[in-house]
Structures are given as structure tokens and as C-alpha cells.
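Working notes for the structure below.
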Amino acid sequence: MKSRDALLLIAPAAGLYLLSFAAPLLMAGRLSLFSISVGRETFVGLANYAKALADTDYLKSFGNVAWLVLFIAPLAIAIPYWMALLLQRFGRQMQSAGRFIAYVPSLTSGLIMALLWRWLLQRTGLVNAMLAHVGLPVVAWTGEPWPARAAVAMVTLSSGSGMFVILFSAVILAIPQELRESAFIDGATEGQYRRLVLRPILMPTILLALMLTIVGTLQSWDSIYVLFPTGGPKASVATPVYDIFMTAFMYSRPHMGAAKGVLALGVIAAVVAVQRRVEVLAGAER
Amino acid sequence: MKLLKWPLILALFALLLFPSWLMVANSFSPAMGFLRNPPRLTPYEWTLKNYQRAFALEHLSRWILNTGALAVITIAGGVLINGAAGYAFGFCKARWIQWLFWAFMVPIFVTRYVLIIAQIRIVGTLGLDGLAAVVSMSLYWATGVFLFRNYYRSIPHEVLESARIAGAGEWRILLQVVLPMSRAMVGAAVVFLGMRSLGDYIWQMLNLQAVEARTYLVGLMATTLDVYAVKNIGYDLTVGTLLFLPYLALFAVSSRYFIKGLQIGAVKG
């Protein structure tokens, strides 16, 4: 294909890319250097950035998201991983039924899932009733920092990782049958096959899932919006993105929000860069 | 292990479906049911009251129409525009086109909420509102361009070369040969784009303030998030169940293509 023809095909997408991504990004960068004073936009240089870096709630939000990832990622990846391994022992129809069921929670609106959990997590709610039933103390899920973080992690996990089940299954299905057979002919046990053959093959997909989980958690909005609209007890739940949302839309400070946003983008870029690096190292090991 | 696989998979299914089941079952519960102690997994008594309240909403049919229009425009436009770009990126080997491709992937890593502040201003400056505002900012789909490009890299080029020799223009080739040939990928794109147009709450909420302009999602959501209304969890869950239905339909109709499309993206990507 000639470049000229290619450009013709890319042109509409390029136009929309400029309109909905490039222009807003540049504009956010510009906004972050301005501020409203006496009803007029005035240039303030990096003052918004200085203020953002001195905003303890904003800085804390990066720690919050780190904790959330630590709570969420192991289960969000392990459950789909085991489910994909388990599903491959079943027939075709059961496999597609399993993938469908795994996807159902992801089809439910995140906002409504959060409303459901708000009810389940009440002081007299179902979760506490179950805890009391087995003799454990009742927890104030929305009143204390740590239970609040656990609550958000639960809501996020219950929205499911059906996407990962499909991703893992796809990779497992693409493994040639001969590889499996030859492993067993060479005397590998089921456990050895899983540890020495399957896991290395799935490693890039696991890392991809990890990155998607981190990026997804950084962006999580709806569960926090419903459960902790003001950022949770002692600002213990708000993620950077939620903090930006509060700044720009609840407290109507778009310039400050833009500055916080640009800073958050820097952090995300760093996370992605580190992940790429880890991926390269993991690839070199094999 | 052979014997254990059934109990294990059934336990996993139960765990995964538990929250969705709670939502659907309790959407049939009257408001009083939620005040009882201890709480139960099923309603104390079954009632259709919540559904009657939802169906009695004055603008419900209008909201459904709006959502239908939005979905059709997003899906058709999104498949064409992102499919065309993906096709070009998959086939054109020129160095700088490939660089352009990576620039097109950057939005995947940029959070929406940073852009939304500026997007609102741009939409305002251009004088776009309602449906046009919603569509203009959600048609470009970086992940879609990525998936389409991977897909076209994986199919033999000769098939398309023969069509090109006949002297057809690139857009005609795309419409008459390329897209009809890539049914699995188009199917996956339809589901993804459909889900995007059904679920993009915050952007739709910010742009569709007028009652008649709202979508199914924004309209129904407003009735549960209304701070002046009497809190009724049963009704909230009814709204949840109603919002869940279009997704279920979309996914049930095209899950086959959807999974195939994802497999292509996962394995070849």
C-alpha cells in the first residue's frame, strides 16, 4: 500500500484523534499554567504544580492507589488464571459457557454494583451479618481508612475480570497440542507441565493483565463516587483520578485539576515504562 | 483432580455470579424488605412495584431511542473510521506511518478525566451539544485501531492485492472487500463500541443535562442518584437490572465474535 493511500484511510481517525485527544491534552497543559483571579484567567506559571505537590490529600492518593493495587491485583489475576486453567479441562460448550459467566459481572454497571455494595456493607448489612454469624467482630466498612480501602477493593473485584479469563483462555487454546503431548511423553507430571510449560508461556499475558489492573485501578471512579463521594475517611480512598475529578468538578477548580492531571500522567508513564522494562527482563530470562 | 473439577468450577461460577444474582433477586423486593434484620439473600416478599415505577417514567421510551441512535452512530462510525486506520496501519510498511501508529496508541495510557476538563471547553467552543458532543469525543478508539491493525497483519495480503489491481479506490476496497472479510474482528468491534456507548456515564452525564436529551443510562441513573427522592435500594437494583439487559443482549448476540476478536488481539499482539 502506498503511503498516500494509507493517509487517505487514516485521515478521518486522525481528525478525531486531534479533536478528542491531542487538542484536549494540549489544552489541559495550557490550563494548568493559568488560574482564575478576579474572574479572569491569568498566567501563573508553575504555581498550580507547586500547590498540587503541597496538597497532602493529592499526594496521599498515590499511596491509596498503591494499596488498592496491592489488594486487588493478586486476586484479580489469580482467579481468572485458575479459572482459565480449570476451564480447559472441560468440553467446548462448557468452556464457552464458562467464559460467558466470567464476563457477566463485567456487564453490570459499575455504579449499580457500588450501590449494591453500599447496601451490603451497611453496619447491619449482609456482610456484617455473615461475619457475626461465624463469630467475627462487626466492621464499620465506610467509617475507617483500612476497611474503606478493603471495601473499594471488594467492589472492584466483584465487577469481575472476565476479560482476563478470555485473555488467558485464548493463550492456552493457542498452545499446540503436540507441546502438551511431548511434555507428558518426556515424563512430566501435571504439576510440572503447569509450572514449567504453561506458566512461562502465560507470563507475558500475566504481565499485561497486571498492567491493565494497575492502569484500571488508577482510573477507578464509580465505586468511589458511590461509596465515598468525598474521598473516604481521612482521604484514604480517593485515587489520583478521583482527586482530579473532585478538584475540577466538585470544587470547580479546573486549572488545578489540569495541573494534577498532568502530574498523574507523568506517574502513569513511569509505571508503563517500568512495566515494559520488567517485560523485557522477563523475556530475556527465558 | 478429575472428580474435583465440577465442584470447583461450580463454586467459581457461584462466586462470580453472586453479586449479579443479589442485584436481580433484590430488585423484586419492596422498600421495607431492606430494613429487616438480619438481611437475607432473597426478598422477604416478591413484588413488581419497582419495575412498575421504572416503566412509568415519562421519558423512558425517549431515552431508549436516544441510546439506540447513539449506539448505532458510535458502532457504524467507529467500525468504519477505526477499521480504516487499522487497515492502513496493518498494510502500509512505510516507516513514518508506523511511527504515526504508535502516536495513535498514546490515548490508551491517558486517563479520560484529565482530558474531560478540556473536552468540555472544546465542545463548548465549537458549539456542539447533545448527541453531537457525545459522539465527537468518543468515536476515536485507540484500542480498536490496535486490534484492527493486528488482525490485518495476520491475514494474507494476496487476497486483498487482487482486489486492488482491479483499480478500486482504497475506501471502496475497505467497504466491499476488507470489512466483509473480517467478520470476527468487526463483531468484536461492534461489542466493544456498543459497550462504550452504553456505559460512558460521566461524559454523557456532563453533556446531556436536558431531560429529553438523556440516554437510557443517564436518565435511569438520575432517578436513583436524585438526592431528594426517598432512598429505595430495591428501585436502585431494578435500575441496575434494567441497565444490565442491553449489555446482556449485545453480548449474547455476538459473544462468539467478541471472543474470537479478543483471541486475535491477545495471541498475535
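Ordered as shown in the C-alpha cells, chains take letters A, B, and onward, while each chain numbers its residues from 1 and ligands are numbered from 1 in the order shown.
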Requested in this report: Provide as a PyMOL selection string the residues of chain A at most 7 Å from chain B, counting only C-alpha atoms.
Outcome: chain A and resi 1-3+5-6+9-10+12-13+16-17+20-21+24-25+27-28+101-102+105+107-109+112+116+125-126+129+158+166-167+170-171+219+241+245+254+258+261+265
I need the chosen residues saved as a PDB file, in the first residue's frame, with C-alpha atoms.
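Contents of out_13.pdb, as written:
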```
ATOM      1  CA  MET A   1       0.000   0.000   0.000  1.00  0.00           C
ATOM      2  CA  LYS A   2       1.305   3.446  -0.890  1.00  0.00           C
ATOM      3  CA  SER A   3       1.686   5.961   1.942  1.00  0.00           C
ATOM      4  CA  ASP A   5      -3.471   5.725   0.113  1.00  0.00           C
ATOM      5  CA  ALA A   6      -2.756   4.883   3.730  1.00  0.00           C
ATOM      6  CA  LEU A   9      -7.659   5.920   5.114  1.00  0.00           C
ATOM      7  CA  ILE A  10      -6.143   7.302   8.306  1.00  0.00           C
ATOM      8  CA  PRO A  12     -10.813  10.619   9.490  1.00  0.00           C
ATOM      9  CA  ALA A  13      -9.323   8.808  12.506  1.00  0.00           C
ATOM     10  CA  LEU A  16     -10.927  12.711  15.552  1.00  0.00           C
ATOM     11  CA  TYR A  17      -7.652  11.920  17.307  1.00  0.00           C
ATOM     12  CA  SER A  20     -10.721  14.334  21.122  1.00  0.00           C
ATOM     13  CA  PHE A  21      -7.187  13.602  22.310  1.00  0.00           C
ATOM     14  CA  PRO A  24      -7.662  18.409  24.878  1.00  0.00           C
ATOM     15  CA  LEU A  25      -4.254  17.218  26.092  1.00  0.00           C
ATOM     16  CA  MET A  27      -5.341  22.461  26.316  1.00  0.00           C
ATOM     17  CA  ALA A  28      -5.059  20.703  29.690  1.00  0.00           C
ATOM     18  CA  ILE A 101     -20.385 -16.469  33.056  1.00  0.00           C
ATOM     19  CA  ALA A 102     -16.987 -14.958  33.817  1.00  0.00           C
ATOM     20  CA  PRO A 105     -20.154  -9.280  36.269  1.00  0.00           C
ATOM     21  CA  LEU A 107     -21.516  -6.331  32.038  1.00  0.00           C
ATOM     22  CA  THR A 108     -23.121  -4.886  35.145  1.00  0.00           C
ATOM     23  CA  SER A 109     -22.870  -1.131  35.525  1.00  0.00           C
ATOM     24  CA  ILE A 112     -25.020  -0.049  40.329  1.00  0.00           C
ATOM     25  CA  LEU A 116     -25.481  -2.865  45.803  1.00  0.00           C
ATOM     26  CA  GLY A 125     -25.822  -5.256  56.227  1.00  0.00           C
ATOM     27  CA  LEU A 126     -25.338  -8.722  54.837  1.00  0.00           C
ATOM     28  CA  ALA A 129     -24.353 -10.345  59.389  1.00  0.00           C
ATOM     29  CA  SER A 158     -16.733  -8.232  42.250  1.00  0.00           C
ATOM     30  CA  ILE A 166     -10.860 -14.718  27.984  1.00  0.00           C
ATOM     31  CA  LEU A 167      -7.276 -13.499  27.502  1.00  0.00           C
ATOM     32  CA  ALA A 170      -7.086 -17.574  24.341  1.00  0.00           C
ATOM     33  CA  VAL A 171      -3.387 -18.095  25.011  1.00  0.00           C
ATOM     34  CA  GLN A 219      -8.686   5.270  36.810  1.00  0.00           C
ATOM     35  CA  VAL A 241      -8.049  10.398  39.167  1.00  0.00           C
ATOM     36  CA  PHE A 245     -12.457  14.754  39.499  1.00  0.00           C
ATOM     37  CA  PRO A 254     -10.355  23.217  36.516  1.00  0.00           C
ATOM     38  CA  ALA A 258      -5.432  20.088  34.934  1.00  0.00           C
ATOM     39  CA  GLY A 261      -3.793  15.587  35.779  1.00  0.00           C
ATOM     40  CA  LEU A 265       0.103  11.342  33.534  1.00  0.00           C
TER      41      LEU A 265
END
```
Report task. Identify, on the basis of only C-alpha atoms, every residue whose closest approach to region 131-146 of chain A does not exceed 12 Å; exclude the query and any residue fewer than 3 positions from it along the same chain; express the result as number ranges by chain. Result -> A: 64, 67-68, 71, 117-128, 149-154, 224, 226-238; B: 38-39
Report task. Quick one: pick out all alpha helix (DSSP H) residues within region 42-269 of chain A from a backbone DSSP run and write them as a ChimeraX atom specification. Result -> /A:47-54,56-87,92-107,110-120,126-133,145-158,162-173,177-185,190-192,199-218,222-227,240-245,254-269
Which residues are close to region 80-92 of chain A, i.e. within 6 Å by only C-alpha atoms, leaving aside same-chain residues fewer than 6 positions away? Reply as a compact mmCIF listing (two decimals) with N, CA and C atoms, in the first residue's frame.
```txt
# COMPACT_ATOMS: atom_id res chain seq x y z
N PHE A 164 -9.90 -11.04 31.57
CA PHE A 164 -8.66 -11.78 31.77
C PHE A 164 -8.89 -13.27 31.56
N VAL A 165 -10.07 -13.78 31.96
CA VAL A 165 -10.37 -15.20 31.71
C VAL A 165 -10.28 -15.46 30.21
N PHE A 168 -6.53 -15.24 29.06
CA PHE A 168 -5.76 -16.43 29.43
C PHE A 168 -6.21 -17.64 28.63
N SER A 169 -7.53 -17.82 28.49
CA SER A 169 -8.03 -18.97 27.73
C SER A 169 -7.52 -18.93 26.30
```
Query raised in the report: If you measure from CA of Gly77 (chain B) to CA of Ser154 (chain B), what distance in Å do you get, rounded to one decimal?
Result: 23.7 Å
Report task. Find the distance between CA of Ser29 (chain B) and CA of Tyr216 (chain B) and write it in Å to one decimal. Result ->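 So the answer is 22.6 Å.
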Requested in this report: Could you tell me how far CA of Leu8 (chain A) lies from CA of Val191 (chain B), in Å and to one decimal?
Outcome: 26.4 Å
Requested in this report: Using only C-alpha atoms, determine which residues lie at most 12 Å from Leu210 (chain A), disregarding the query and same-chain residues fewer than 5 positions distant; provide the list as a VMD selection string.
Outcome: chain A and resid 69 to 70 72 to 78 81 161 164 203 to 205 215 to 217 271 to 272 275 to 276 278 to 279
